[in-house]
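**Q** File follows, protein25.tsv with TSV, C-alpha atoms:
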chain	number	residue	atom	x	y	z
A	1	MET	CA	251.27	-22.27	-209.68
A	2	ALA	CA	254.04	-20.01	-210.96
A	3	SER	CA	254.34	-18.23	-207.60
A	4	GLU	CA	254.55	-21.60	-205.84
A	5	THR	CA	257.40	-22.63	-208.14
A	6	ILE	CA	259.24	-19.37	-207.47
A	7	GLU	CA	258.84	-19.86	-203.71
A	8	LYS	CA	260.20	-23.39	-203.92
A	9	THR	CA	263.17	-22.22	-206.02
A	10	GLY	CA	263.94	-19.42	-203.58
A	11	ALA	CA	263.70	-21.76	-200.61
A	12	ALA	CA	266.02	-24.28	-202.30
A	13	GLU	CA	268.61	-21.56	-203.03
A	14	HIS	CA	268.59	-20.27	-199.45
A	15	GLU	CA	268.81	-23.82	-198.10
A	16	ALA	CA	271.82	-24.55	-200.35
A	17	HIS	CA	273.57	-21.36	-199.22
A	18	GLY	CA	272.85	-22.30	-195.60
A	19	LYS	CA	274.56	-25.65	-196.12
A	20	GLU	CA	277.58	-23.85	-197.57
A	21	PHE	CA	277.95	-21.77	-194.40
A	22	THR	CA	277.51	-24.92	-192.28
A	23	GLU	CA	280.48	-26.47	-194.07
A	24	LEU	CA	282.61	-23.40	-193.31
A	25	ILE	CA	281.78	-23.67	-189.59
A	26	ARG	CA	282.67	-27.38	-189.57
A	27	PHE	CA	286.02	-26.66	-191.22
A	28	THR	CA	286.90	-24.13	-188.49
A	29	PHE	CA	286.42	-26.59	-185.64
A	30	VAL	CA	288.42	-29.29	-187.44
A	31	GLY	CA	291.30	-26.79	-187.48
A	32	PHE	CA	290.86	-26.12	-183.75
A	33	ALA	CA	291.12	-29.83	-182.96
A	34	GLY	CA	294.22	-30.17	-185.14
A	35	GLY	CA	295.94	-27.27	-183.37
A	36	LEU	CA	295.27	-28.67	-179.90
A	37	ILE	CA	296.48	-32.15	-180.85
A	38	ALA	CA	299.64	-30.76	-182.46
A	39	GLY	CA	300.28	-28.54	-179.42
A	40	ALA	CA	299.95	-31.44	-177.00
A	41	ILE	CA	302.33	-33.61	-179.03
A	42	LEU	CA	304.95	-30.85	-179.36
A	43	ASP	CA	304.78	-30.11	-175.60
A	44	GLN	CA	305.34	-33.78	-174.86
A	45	LEU	CA	308.40	-33.69	-177.12
A	46	GLY	CA	309.83	-30.74	-175.15
A	47	LEU	CA	309.31	-28.22	-177.96
A	48	GLN	CA	307.23	-25.76	-175.93
A	49	ARG	CA	309.00	-22.67	-177.33
A	50	SER	CA	309.92	-23.91	-180.78
A	51	GLY	CA	309.32	-21.18	-183.35
A	52	VAL	CA	308.61	-23.71	-186.06
A	53	GLY	CA	306.28	-25.52	-183.66
A	54	GLN	CA	304.37	-22.31	-182.93
A	55	TRP	CA	304.09	-21.63	-186.64
A	56	PHE	CA	302.61	-25.09	-187.19
A	57	VAL	CA	300.23	-24.93	-184.21
A	58	ARG	CA	299.03	-21.43	-185.04
A	59	THR	CA	298.55	-22.33	-188.68
A	60	LEU	CA	296.31	-25.25	-187.73
A	61	SER	CA	294.45	-23.38	-184.99
A	62	GLY	CA	294.04	-20.12	-186.86
A	63	GLU	CA	294.13	-21.13	-190.51
A	64	GLY	CA	293.44	-24.85	-190.65
A	65	GLU	CA	289.91	-24.18	-191.84
A	66	SER	CA	291.26	-22.08	-194.71
A	67	ILE	CA	292.85	-25.15	-196.26
A	68	PHE	CA	289.52	-26.97	-196.25
A	69	GLU	CA	287.62	-23.87	-197.33
A	70	GLY	CA	290.04	-23.45	-200.23
A	71	ILE	CA	289.32	-27.02	-201.28
A	72	TYR	CA	285.60	-26.25	-200.98
A	73	ALA	CA	285.91	-23.09	-203.10
A	74	LEU	CA	287.95	-24.96	-205.72
A	75	ARG	CA	285.38	-27.75	-205.76
A	76	GLN	CA	282.60	-25.22	-206.33
A	77	ARG	CA	284.57	-23.63	-209.18
A	78	LEU	CA	285.30	-26.98	-210.82
A	79	ARG	CA	281.60	-27.84	-210.58
A	80	LYS	CA	280.95	-24.48	-212.29
A	81	ALA	CA	278.44	-23.70	-209.57
A	82	ALA	CA	277.02	-20.20	-209.41
A	83	GLY	CA	279.16	-17.88	-207.31
A	84	SER	CA	278.05	-17.36	-203.72
A	85	MET	CA	279.12	-15.42	-200.64
A	86	ALA	CA	280.37	-18.64	-199.04
A	87	GLU	CA	282.57	-19.41	-202.04
A	88	ALA	CA	283.91	-15.84	-202.05
A	89	TYR	CA	284.73	-16.30	-198.36
A	90	GLY	CA	286.62	-19.50	-199.16
A	91	TRP	CA	288.82	-17.88	-201.80
A	92	GLY	CA	289.47	-14.82	-199.65
A	93	LYS	CA	290.59	-16.92	-196.68
A	94	VAL	CA	293.04	-18.93	-198.80
A	95	LEU	CA	294.58	-15.77	-200.26
A	96	GLY	CA	295.07	-14.37	-196.75
A	97	MET	CA	296.84	-17.46	-195.39
A	98	PRO	CA	300.53	-16.59	-196.06
A	99	VAL	CA	300.33	-13.11	-194.50
A	100	PRO	CA	300.85	-14.14	-190.83
A	101	TRP	CA	303.76	-16.42	-191.74
A	102	VAL	CA	305.66	-13.43	-193.15
A	103	ILE	CA	304.68	-11.17	-190.22
A	104	ASP	CA	305.72	-13.83	-187.68
A	105	TRP	CA	309.17	-14.52	-189.07
A	106	ILE	CA	309.97	-10.87	-189.78
A	107	SER	CA	309.00	-10.04	-186.17
A	108	ARG	CA	311.25	-12.79	-184.79
A	109	ALA	CA	314.12	-11.67	-187.00
A	110	ALA	CA	313.62	-8.08	-185.81
A	111	GLY	CA	313.88	-9.18	-182.16
A	112	VAL	CA	310.24	-8.66	-181.14
A	113	ASP	CA	309.33	-10.44	-177.90
A	114	VAL	CA	306.73	-12.78	-179.37
A	115	TYR	CA	305.75	-13.95	-175.87
A	116	GLY	CA	305.18	-10.47	-174.45
A	117	VAL	CA	302.60	-7.72	-174.82
A	118	GLY	CA	304.34	-6.35	-177.90
A	119	GLY	CA	303.77	-9.59	-179.77
A	120	PHE	CA	299.97	-9.58	-179.37
A	121	TYR	CA	299.49	-8.91	-183.08
A	122	ILE	CA	301.09	-12.20	-184.16
A	123	PRO	CA	298.25	-14.51	-183.01
A	124	TYR	CA	295.82	-11.89	-184.31
A	125	PHE	CA	297.07	-12.25	-187.86
A	126	TYR	CA	297.23	-16.04	-187.62
A	127	ALA	CA	293.65	-16.08	-186.40
A	128	LEU	CA	292.16	-13.40	-188.63
A	129	SER	CA	294.30	-12.54	-191.66
A	130	ASP	CA	292.22	-15.03	-193.61
A	131	GLN	CA	289.09	-13.35	-192.23
A	132	ILE	CA	290.38	-9.99	-193.45
A	133	GLY	CA	290.93	-11.58	-196.86
A	134	ALA	CA	287.45	-13.08	-196.72
A	135	ASN	CA	285.92	-9.71	-195.85
A	136	ILE	CA	287.65	-8.03	-198.79
A	137	SER	CA	286.69	-10.91	-201.06
A	138	GLY	CA	283.08	-10.58	-199.93
A	139	LEU	CA	283.09	-6.88	-200.84
A	140	VAL	CA	284.57	-7.71	-204.26
A	141	TYR	CA	281.83	-10.32	-204.72
A	142	LEU	CA	279.16	-7.70	-203.96
A	143	TYR	CA	280.79	-5.20	-206.33
A	144	ARG	CA	280.89	-7.73	-209.17
A	145	LYS	CA	277.28	-8.56	-208.48
A	146	GLU	CA	276.10	-4.93	-208.45
A	147	ARG	CA	278.62	-3.36	-210.85
A	148	ASN	CA	278.39	-0.22	-208.77
A	149	LEU	CA	280.63	0.66	-205.81
A	150	ARG	CA	278.01	2.72	-203.97
A	151	LYS	CA	275.41	-0.04	-204.24
A	152	ALA	CA	278.01	-2.66	-203.27
A	153	LEU	CA	278.94	-0.68	-200.14
A	154	GLY	CA	275.27	-0.27	-199.32
A	155	MET	CA	274.76	-4.03	-199.55
A	156	TYR	CA	277.96	-4.58	-197.55
A	157	PHE	CA	276.72	-2.54	-194.59
A	158	ARG	CA	273.30	-4.18	-194.77
A	159	ASN	CA	274.72	-7.69	-194.93
A	160	PRO	CA	274.88	-9.29	-191.46
A	161	VAL	CA	277.71	-11.64	-192.53
A	162	MET	CA	279.90	-8.74	-193.64
A	163	LEU	CA	279.10	-6.67	-190.55
A	164	SER	CA	279.82	-9.52	-188.15
A	165	SER	CA	283.10	-10.13	-189.98
A	166	LEU	CA	284.06	-6.45	-189.65
A	167	LEU	CA	283.17	-6.51	-185.95
A	168	VAL	CA	285.34	-9.59	-185.34
A	169	ILE	CA	288.29	-8.05	-187.21
A	170	THR	CA	288.20	-4.83	-185.17
A	171	LEU	CA	287.46	-6.19	-181.66
A	172	VAL	CA	289.76	-9.24	-181.46
A	173	PRO	CA	293.08	-7.31	-181.40
A	174	LEU	CA	291.81	-5.28	-178.44
A	175	GLY	CA	291.04	-8.48	-176.56
A	176	LEU	CA	294.43	-10.01	-177.34
A	177	PHE	CA	296.24	-6.88	-176.20
A	178	ALA	CA	294.24	-6.82	-172.96
A	179	VAL	CA	294.94	-10.48	-172.18
A	180	ARG	CA	298.67	-10.11	-172.86
A	181	SER	CA	298.70	-6.96	-170.70
A	182	LEU	CA	297.20	-8.97	-167.83
A	183	GLY	CA	300.15	-11.35	-167.93
A	184	PHE	CA	299.20	-14.15	-170.29
A	185	SER	CA	302.05	-15.57	-172.35
A	186	PRO	CA	301.99	-18.48	-174.83
A	187	THR	CA	304.92	-20.28	-173.18
A	188	THR	CA	303.70	-23.73	-174.24
A	189	GLN	CA	302.30	-25.00	-177.51
A	190	ILE	CA	298.96	-25.74	-175.85
A	191	TYR	CA	298.79	-22.11	-174.69
A	192	THR	CA	299.74	-21.06	-178.21
A	193	ALA	CA	296.88	-23.13	-179.63
A	194	LEU	CA	294.36	-21.87	-177.05
A	195	GLU	CA	295.29	-18.23	-177.59
A	196	THR	CA	294.87	-18.59	-181.34
A	197	ILE	CA	291.62	-20.55	-181.02
A	198	VAL	CA	290.05	-17.94	-178.72
A	199	ALA	CA	291.11	-15.20	-181.16
A	200	ASN	CA	289.89	-17.16	-184.17
A	201	LEU	CA	286.27	-16.06	-184.33
A	202	CYS	CA	286.10	-16.84	-188.04
A	203	TRP	CA	283.17	-19.14	-187.30
A	204	VAL	CA	280.98	-16.21	-186.26
A	205	PRO	CA	280.25	-14.76	-189.75
A	206	PRO	CA	279.41	-18.20	-191.24
A	207	LEU	CA	277.14	-18.84	-188.25
A	208	VAL	CA	275.40	-15.51	-188.88
A	209	GLY	CA	275.13	-16.47	-192.56
A	210	TRP	CA	273.63	-19.84	-191.70
A	211	LEU	CA	271.06	-18.30	-189.35
A	212	ARG	CA	270.15	-15.71	-191.99
A	213	GLU	CA	269.73	-18.29	-194.76
A	214	ARG	CA	267.73	-20.50	-192.42
A	215	ARG	CA	265.34	-17.62	-191.69
A	216	LEU	CA	265.06	-16.76	-195.40
A	217	THR	CA	264.39	-20.42	-196.22
A	218	ARG	CA	261.54	-20.53	-193.71
A	219	GLU	CA	260.13	-17.26	-195.06
A	220	ALA	CA	260.33	-18.56	-198.66
A	221	LYS	CA	258.46	-21.69	-197.59
A	222	GLY	CA	255.79	-19.59	-195.91
A	223	GLU	CA	256.72	-20.89	-192.46
A	224	HIS	CA	257.87	-17.56	-191.00
A	225	LYS	CA	255.86	-16.46	-188.01
A	226	PRO	CA	255.96	-12.81	-186.86
Represent the structure contained in this file as structure tokens.

**A**
Amino acid sequence: MASETIEKTGAAEHEAHGKEFTELIRFTFVGFAGGLIAGAILDQLGLQRSGVGQWFVRTLSGEGESIFEGIYALRQRLRKAAGSMAEAYGWGKVLGMPVPWVIDWISRAAGVDVYGVGGFYIPYFYALSDQIGANISGLVYLYRKERNLRKALGMYFRNPVMLSSLLVITLVPLGLFAVRSLGFSPTTQIYTALETIVANLCWVPPLVGWLRERRLTREAKGEHKP
């Protein structure tokens, strides 16, 4: 009877965490839609190369989900819910939001060709600075949980969410550089949105987290089949 109760509790916890990751994925695609709509409107208004327009479109396409995830993390904190990896992700992404704004405007002021190969890093930071913040926040979460850096790092490199996040962070800039080198240039706001959306693979780690929690839920319920 006791073991059955423990199994049910474990299954409920994994199912709740899975729902948290599902929310994060949904937030990402809401941001994508917002960026495309904003890009289309700005192009129709003749603002294809507006710096402020690009800032707005890239913020929606690359960081729109961070706004919603920040609201989610705040809601979890106000509810005094137990801390989770999904909540840590939410806080980390919010804290990373302003970084690309500063990088973008400093680059423009310094005369960097934001449409050329040399400006490939700008959409990267719009798309993934919040992911970098989330990755760091996830490591901090593991450290606070374990109270030991070596154990926290061990859990980090065994955690599929953290590893997929690290993979996204390291591979995306290579892809952006390659595409720009082949001649692509965000000369319209729609192109700006599409470039940022393709680079914004922030939905991959939450998807991995959801799949993991789903598998653990099935195992906890005794439904796992080898």

**Q** Here is a test: counting all atoms listed in the file, which residue of A:Arg108, A:Arg147, A:Arg49, A:Arg26 is nearest to Gly64 in chain A?

**A**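 Among the listed residues, the smallest separation from Gly64 in chain A belongs to A:Arg26.
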
**Q** Rank A:Leu174, A:Val168, A:Val161, A:Ile122 by their smallest atom-to-atom distance to Trp55 in chain A, using all atoms listed in the file, and report the top residue only.

**A**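 Between A:Leu174, A:Val168, A:Val161, A:Ile122, the residue approaching Trp55 in chain A most closely is A:Ile122.
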
**Q** Enter the distance from CA of Ser164 in chain A to CA of Leu142 in chain A, in Å, rounded to one decimal.

**A**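 Result for CA of Ser164 in chain A versus CA of Leu142 in chain A: 15.9 Å, one decimal.
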
**Q** In terms of the shortest atom-to-atom distance over only C-alpha atoms, which of A:Leu153, A:Val102, A:Ile197, A:Val179 is closest to Leu60 in chain A?

**A**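 Between A:Leu153, A:Val102, A:Ile197, A:Val179, the residue approaching Leu60 in chain A most closely is A:Ile197.
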
**Q** Please provide as a PyMOL selection string all residues within 7 Å of Pro100 in chain A, with the sequence filter that same-chain residues fewer than 5 positions apart are discarded (counting all atoms listed in the file).

**A** chain A and resi 122+125-126+129

**Q** What is the CA of Phe56 in chain A to CA of Phe27 in chain A distance in Å?

**A**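 Computed distance, CA of Phe56 in chain A to CA of Phe27 in chain A, equals 17.1 Å.
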
**Q** At a cut-off of 9 Å, using only C-alpha atoms, what residues contact Leu201 in chain A? Leave out same-chain residues fewer than 4 positions from it and give the result as a list in words.

**A**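 In the requested form, the answer reads Ala127, Leu128, Gln131, Ser165, Val168, Ile169, Val172, Ile197 and Pro205 of chain A.
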
**Q** Go ahead and compute the interatomic distance for CA of Ser185 in chain A and CA of Leu167 in chain A, in Å to one decimal.

**A**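 Those two atoms sit 25.0 Å apart.
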
**Q** When distances are computed from only C-alpha atoms, which of A:Phe120, A:Leu163, A:Gly62, A:Ala152 shows the smallest separation from Met97 in chain A?

**A** A:Gly62

**Q** Considering only C-alpha atoms, return as a tab-separated table (two decimals) with C-alpha atoms, keeping the file's coordinate frame whatever protein or nucleic-acid residues lie within 9 Å of Thr187 in chain A, sequence-local ones (same chain, fewer than 4 positions apart) excluded.

**A**
chain	number	residue	atom	x	y	z
A	48	GLN	CA	307.23	-25.76	-175.93
A	49	ARG	CA	309.00	-22.67	-177.33
A	115	TYR	CA	305.75	-13.95	-175.87
A	191	TYR	CA	298.79	-22.11	-174.69
A	192	THR	CA	299.74	-21.06	-178.21

**Q** Of the candidates A:Gln189, A:Asn159, A:Ser137, A:Ser181, which one gets nearest to Val52 in chain A if we count all atoms listed in the file?

**A** A:Gln189

**Q** Identify which of the residues A:Lys151, A:Pro186, A:Thr170, A:Glu63 lies closest to Asp113 in chain A, counting only C-alpha atoms when measuring atom-to-atom distances.

**A**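 Going through A:Lys151, A:Pro186, A:Thr170, A:Glu63 one by one, the smallest distance to Asp113 in chain A is for A:Pro186.
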